>>> print(open('run_33.txt').read())   # compact mmCIF, C-alpha atoms and all ligand atoms
# COMPACT_ATOMS: atom_id res chain seq x y z
CA MET A 152 -21.56 -9.41 -18.53
CA LYS A 153 -24.38 -6.89 -18.77
CA LEU A 154 -28.00 -7.25 -17.69
CA ARG A 155 -30.74 -5.20 -19.33
CA TRP A 156 -32.53 -4.29 -16.12
CA SER A 157 -35.37 -2.33 -14.56
CA PRO A 158 -36.32 -1.92 -10.88
CA THR A 159 -39.96 -2.48 -11.89
CA SER A 160 -39.77 -5.95 -13.42
CA PRO A 161 -40.49 -9.09 -11.37
CA PHE A 162 -38.75 -11.21 -14.01
CA VAL A 163 -35.62 -9.08 -13.63
CA ARG A 164 -35.98 -9.30 -9.85
CA LYS A 165 -35.75 -13.11 -10.04
CA VAL A 166 -32.37 -12.80 -11.76
CA VAL A 167 -31.05 -10.19 -9.32
CA VAL A 168 -32.17 -12.21 -6.28
CA LEU A 169 -30.32 -15.22 -7.71
CA MET A 170 -27.18 -13.11 -8.30
CA LYS A 171 -27.29 -11.91 -4.69
CA GLU A 172 -27.87 -15.41 -3.32
CA LYS A 173 -24.88 -16.69 -5.33
CA GLY A 174 -22.73 -13.69 -4.38
CA ILE A 175 -22.01 -12.80 -8.02
CA GLU A 176 -23.70 -9.41 -8.30
CA GLY A 177 -20.36 -7.71 -8.89
CA ALA A 178 -19.80 -9.81 -12.05
CA VAL A 179 -22.82 -8.35 -13.84
CA GLU A 180 -23.20 -4.71 -14.88
CA LYS A 181 -26.79 -3.45 -14.84
CA GLU A 182 -28.01 -1.45 -17.83
CA LYS A 183 -31.31 0.37 -17.30
CA SER A 184 -34.11 -0.49 -19.72
CA ASN A 185 -37.67 0.67 -19.12
CA PRO A 186 -40.05 -1.98 -20.54
CA LEU A 187 -42.64 0.75 -21.10
CA SER A 188 -40.23 2.68 -23.37
CA LYS A 189 -40.32 1.81 -27.08
CA ASP A 190 -36.72 3.03 -27.50
CA ASP A 191 -35.45 0.94 -24.59
CA ARG A 192 -37.24 -2.14 -25.92
CA ALA A 193 -35.67 -1.57 -29.34
CA ALA A 194 -32.21 -1.24 -27.74
CA THR A 195 -32.55 -4.57 -25.94
CA PRO A 196 -30.74 -7.21 -27.99
CA SER A 197 -33.54 -9.75 -27.90
CA PRO A 198 -36.00 -10.00 -30.77
CA LEU A 199 -38.71 -10.01 -28.09
CA GLY A 200 -37.51 -6.62 -26.77
CA GLN A 201 -38.12 -7.91 -23.26
CA ILE A 202 -36.11 -7.74 -20.07
CA PRO A 203 -34.31 -9.40 -18.43
CA CYS A 204 -31.77 -9.94 -21.20
CA LEU A 205 -28.18 -10.89 -20.37
CA ILE A 206 -25.35 -9.94 -22.71
CA THR A 207 -22.35 -12.19 -22.18
CA ASP A 208 -18.71 -11.12 -22.46
CA ASP A 209 -18.74 -12.75 -25.92
CA GLY A 210 -21.65 -10.51 -26.94
CA ALA A 211 -24.28 -13.28 -26.94
CA SER A 212 -27.82 -12.40 -25.79
CA ILE A 213 -29.39 -14.78 -23.31
CA TYR A 214 -33.07 -14.68 -22.32
CA ASP A 215 -35.58 -15.29 -20.73
CA SER A 216 -35.33 -15.26 -16.90
CA PRO A 217 -35.19 -19.08 -16.40
CA VAL A 218 -32.47 -19.37 -19.06
CA ILE A 219 -30.45 -16.46 -17.62
CA MET A 220 -30.72 -17.93 -14.11
CA GLU A 221 -29.53 -21.35 -15.26
CA TYR A 222 -26.71 -19.76 -17.29
CA LEU A 223 -25.47 -17.77 -14.27
CA ASP A 224 -25.84 -20.83 -12.03
CA VAL A 225 -23.76 -23.02 -14.34
CA GLU A 226 -21.17 -20.44 -15.42
CA CYS A 227 -20.55 -18.60 -12.14
CA ASP A 228 -19.30 -19.51 -8.67
CA GLY A 229 -21.54 -19.73 -5.62
CA PRO A 230 -24.09 -22.17 -4.23
CA GLU A 231 -25.97 -24.28 -6.80
CA MET A 232 -29.47 -22.95 -7.50
CA LEU A 233 -30.75 -25.66 -9.86
CA PRO A 234 -29.94 -29.38 -9.65
CA ARG A 235 -28.09 -30.43 -12.82
CA SER A 236 -30.02 -33.71 -13.06
CA GLY A 237 -32.37 -36.00 -11.18
CA GLY A 238 -35.96 -35.68 -10.02
CA GLY A 239 -35.28 -32.55 -7.99
CA ARG A 240 -34.42 -30.66 -11.17
CA TRP A 241 -37.90 -31.17 -12.65
CA THR A 242 -39.58 -30.32 -9.34
CA VAL A 243 -37.65 -27.05 -9.05
CA LEU A 244 -38.21 -26.11 -12.71
CA THR A 245 -41.93 -26.87 -12.44
CA ARG A 246 -42.17 -24.74 -9.28
CA GLN A 247 -40.46 -21.93 -11.18
CA ALA A 248 -42.91 -22.39 -14.09
CA LEU A 249 -45.87 -22.05 -11.70
CA ALA A 250 -44.46 -18.84 -10.22
CA ASP A 251 -43.61 -17.47 -13.69
CA GLY A 252 -47.16 -18.20 -14.89
CA MET A 253 -48.52 -16.30 -11.90
CA ILE A 254 -46.20 -13.36 -12.63
CA THR A 255 -47.25 -13.37 -16.30
CA SER A 256 -50.90 -13.15 -15.25
CA MET A 257 -50.10 -10.26 -12.91
CA VAL A 258 -48.28 -8.42 -15.71
CA VAL A 259 -51.46 -8.81 -17.80
CA CYS A 260 -53.46 -7.28 -14.90
CA PHE A 261 -50.92 -4.45 -14.66
CA VAL A 262 -51.22 -3.72 -18.39
CA GLU A 263 -55.04 -3.66 -18.07
CA SER A 264 -54.68 -1.21 -15.18
CA LEU A 265 -52.82 1.21 -17.48
CA LYS A 266 -55.89 1.47 -19.71
CA LYS A 267 -58.66 4.01 -19.16
CA PRO A 268 -61.32 2.43 -16.86
CA ASP A 269 -63.88 2.10 -19.70
CA ARG A 270 -61.32 0.25 -21.88
CA ARG A 271 -60.39 -2.35 -19.24
CA SER A 272 -61.61 -5.92 -19.67
CA GLY A 273 -63.25 -7.29 -16.52
CA GLY A 274 -63.04 -10.77 -18.05
CA ILE A 275 -59.29 -10.60 -18.66
CA LEU A 276 -58.71 -9.23 -15.15
CA ALA A 277 -60.87 -11.90 -13.46
CA HIS A 278 -59.32 -14.73 -15.48
CA ASN A 279 -55.76 -13.70 -14.66
CA LYS A 280 -56.46 -12.93 -11.03
CA ALA A 281 -58.01 -16.40 -10.63
CA ILE A 282 -54.82 -17.95 -12.06
CA VAL A 283 -52.74 -16.15 -9.42
CA PHE A 284 -54.91 -17.25 -6.51
CA LYS A 285 -55.11 -20.85 -7.77
CA GLY A 286 -51.32 -20.76 -7.88
CA ILE A 287 -51.14 -19.49 -4.32
CA ALA A 288 -53.45 -22.31 -3.14
CA ALA A 289 -51.23 -24.87 -4.90
CA LEU A 290 -48.15 -23.38 -3.21
CA GLU A 291 -49.79 -23.72 0.22
CA ASP A 292 -50.08 -27.47 -0.49
CA ASP A 293 -46.46 -27.64 -1.73
CA VAL A 294 -44.66 -25.39 0.76
CA GLY A 295 -43.76 -28.24 3.13
CA ALA A 296 -41.67 -29.76 0.34
CA PHE A 297 -39.61 -26.64 -0.39
CA ALA A 298 -39.51 -24.85 2.95
CA SER A 299 -35.75 -24.87 3.50
CA ASP A 300 -34.60 -24.60 -0.14
CA ILE A 301 -32.96 -21.62 -1.83
CA ASP A 302 -33.10 -22.30 -5.54
CA VAL A 303 -34.57 -20.96 -8.79
CA GLY A 304 -37.96 -22.39 -7.77
CA THR A 305 -38.22 -20.78 -4.34
CA ILE A 306 -36.70 -17.50 -5.59
CA SER A 307 -39.42 -17.36 -8.27
CA VAL A 308 -42.15 -18.21 -5.74
CA ALA A 309 -40.99 -15.46 -3.35
CA VAL A 310 -40.85 -12.88 -6.16
CA ALA A 311 -44.34 -13.94 -7.34
CA LEU A 312 -45.83 -13.63 -3.83
CA ALA A 313 -44.25 -10.22 -3.30
CA PHE A 314 -45.64 -9.12 -6.68
CA ALA A 315 -49.10 -10.46 -5.68
CA ASP A 316 -49.02 -8.23 -2.59
CA GLN A 317 -48.17 -5.28 -4.84
CA THR A 318 -50.69 -6.15 -7.58
CA PHE A 319 -53.62 -7.09 -5.33
CA PRO A 320 -53.04 -5.09 -2.12
CA GLU A 321 -56.69 -5.47 -1.10
CA ASP A 322 -56.71 -9.28 -1.29
CA ASP A 323 -55.71 -11.35 1.71
CA TRP A 324 -54.19 -14.72 0.70
CA ARG A 325 -52.52 -15.23 4.09
CA THR A 326 -55.58 -16.27 6.13
CA ASP A 327 -56.16 -19.37 3.97
CA CYS A 328 -52.45 -20.11 3.51
CA PRO A 329 -50.76 -20.00 6.97
CA ALA A 330 -47.85 -22.28 6.04
CA LEU A 331 -47.06 -20.28 2.91
CA GLU A 332 -47.35 -17.04 4.88
CA ALA A 333 -44.81 -18.27 7.46
CA TRP A 334 -42.40 -19.40 4.72
CA PHE A 335 -42.76 -16.17 2.71
CA ASP A 336 -42.38 -13.86 5.70
CA GLU A 337 -39.04 -15.51 6.48
CA PHE A 338 -37.79 -15.64 2.87
CA ASN A 339 -38.87 -12.06 2.31
CA ARG A 340 -36.51 -10.93 5.09
CA ARG A 341 -33.45 -12.19 3.21
CA PRO A 342 -31.20 -9.32 2.04
CA SER A 343 -31.66 -10.55 -1.56
CA MET A 344 -35.36 -9.68 -1.20
CA THR A 345 -35.19 -6.55 0.98
CA GLU A 346 -32.60 -5.03 -1.40
CA THR A 347 -34.71 -5.65 -4.51
CA VAL A 348 -38.20 -4.40 -3.59
CA LEU A 349 -39.94 -3.48 -6.85
CA MET A 350 -40.74 0.07 -7.80
CA ASP A 351 -44.17 0.88 -9.30
CA ALA A 352 -43.71 0.91 -13.08
CA ARG A 353 -45.92 4.00 -13.36
CA GLU A 354 -43.33 5.98 -11.38
CA PHE A 355 -40.23 4.82 -13.25
CA LYS A 356 -38.73 7.16 -15.84
N1 LIG B 1 -40.81 -14.95 -19.96
C1 LIG B 1 -40.02 -13.76 -19.79
C2 LIG B 1 -40.95 -12.58 -19.53
C3 LIG B 1 -40.21 -11.24 -19.56
C4 LIG B 1 -41.17 -10.07 -19.56
O1 LIG B 1 -42.39 -10.20 -19.79
N2 LIG B 1 -40.62 -8.87 -19.32
C5 LIG B 1 -41.40 -7.67 -19.33
C6 LIG B 1 -41.05 -6.78 -18.15
S1 LIG B 1 -41.68 -7.46 -16.65
C7 LIG B 1 -41.08 -6.88 -20.60
O2 LIG B 1 -39.93 -6.72 -20.94
N3 LIG B 1 -42.13 -6.39 -21.28
C8 LIG B 1 -41.98 -5.58 -22.44
C9 LIG B 1 -42.76 -6.15 -23.61
O3 LIG B 1 -43.27 -7.28 -23.51
O4 LIG B 1 -42.83 -5.47 -24.63
C10 LIG B 1 -38.98 -13.95 -18.69
O5 LIG B 1 -39.16 -14.87 -17.86
O6 LIG B 1 -37.96 -13.25 -18.67
>>> encode(input="run_33.txt", output="structure tokens")
Amino acid sequence: MKLRWSPTSPFVRKVVVLMKEKGIEGAVEKEKSNPLSKDDRAATPSPLGQIPCLITDDGASIYDSPVIMEYLDVECDGPEMLPRSGGGRWTVLTRQALADGMITSMVVCFVESLKKPDRRSGGILAHNKAIVFKGIAALEDDVGAFASDIDVGTISVAVALAFADQTFPEDDWRTDCPALEAWFDEFNRRPSMTETVLMDAREFK
């Protein structure tokens, strides 16, 4: 299997953290693809041109990150990362959807930041930043329910919080969210997180 990959993408990071937590990293070859490069996007076998994109041994393309994570969970060995059925499945998938929505909003903020200052939209930035911090407040209320879990939901939450620290370094979410802070500080020490710290996309060639 091959993964179209970049060390700058939080969506890719979710997949790599899952591979490390399952102990299957060796089964997937990483193929570099810079999402800011038109040529790399064209070479990614997804009509969306986005990463992550997994290419199976049969040559099938699988995307996006939630689908890749479920595929690897079902098809590969290692601890289960998504319940196959039951109420827990919907809870975990919804938690992942919240984190993914937060990441999407932060990617929008990142894209705005690439524009010249006079071309940036204050409205778009404020709207998307508010989404992220509403998400963080919701996670503070929810953290007691997921504190000891390692699954696609908590992996996505940890990647989203790490990306929030990178995207909004001036903003302190920890003071108002002590339970989430304690959970994140512990999760963030896992080798799957320390080995996948994102690089700034502006510095990636
Ligand atoms: N919903 C997708 C989002 C993937 C995504 O937005 N990837 C970005 C990199 S972080 C990308 O490839 N952007 C290039 C583009 O949209 O043209 C997922 O969960 O995988």
>>> residues_near_ligand(input="run_33.txt", ligand="ligand LIG 1 (chain B)", cutoff="6 Å", atoms="all atoms listed in the file", output="tab-separated table (two decimals) with C-alpha atoms, in the coordinates of the input")
chain	number	residue	atom	x	y	z
A	160	SER	CA	-39.77	-5.95	-13.42
A	161	PRO	CA	-40.49	-9.09	-11.37
A	162	PHE	CA	-38.75	-11.21	-14.01
A	186	PRO	CA	-40.05	-1.98	-20.54
A	200	GLY	CA	-37.51	-6.62	-26.77
A	201	GLN	CA	-38.12	-7.91	-23.26
A	202	ILE	CA	-36.11	-7.74	-20.07
A	203	PRO	CA	-34.31	-9.40	-18.43
A	215	ASP	CA	-35.58	-15.29	-20.73
A	216	SER	CA	-35.33	-15.26	-16.90
A	217	PRO	CA	-35.19	-19.08	-16.40
>>> residues_around(input="run_33.txt", residues="Asp208 in chain A", least_positions_apart="6", cutoff="12 Å", atoms="only C-alpha atoms", output="MDAnalysis selection string")
chainID A and resid 152:154 178:180 226
>>> closest_residue(input="run_33.txt", among="A:Val243, A:Met232, A:Met350, A:Cys227", to="Asp293 in chain A", atoms="only C-alpha atoms")
A:Val243
>>> closest_residue(input="run_33.txt", among="A:Ala311, A:Asn185, A:Ser299, A:Asp327", to="Met344 in chain A", atoms="all atoms listed in the file")
A:Ala311
>>> closest_residue(input="run_33.txt", among="A:Arg353, A:Ala289, A:Met257, A:Ala281", to="Ala315 in chain A", atoms="only C-alpha atoms")
A:Met257
>>> atom_distance(input="run_33.txt", atom1="CA of Trp324 in chain A", atom2="CA of Thr242 in chain A")
23.6 Å
>>> atom_distance(input="run_33.txt", atom1="CA of Pro198 in chain A", atom2="CA of Asp351 in chain A")
25.4 Å
>>> closest_residue(input="run_33.txt", among="A:Val310, A:Gly238, A:Ala194, A:Asp209", to="Arg341 in chain A", atoms="all atoms listed in the file")
A:Val310
>>> atom_distance(input="run_33.txt", atom1="CA of Val294 in chain A", atom2="CA of Ala333 in chain A")
9.8 Å
>>> closest_residue(input="run_33.txt", among="A:Ile282, A:Val168, A:Leu276, A:Met253", to="Asp302 in chain A", atoms="only C-alpha atoms")
A:Val168
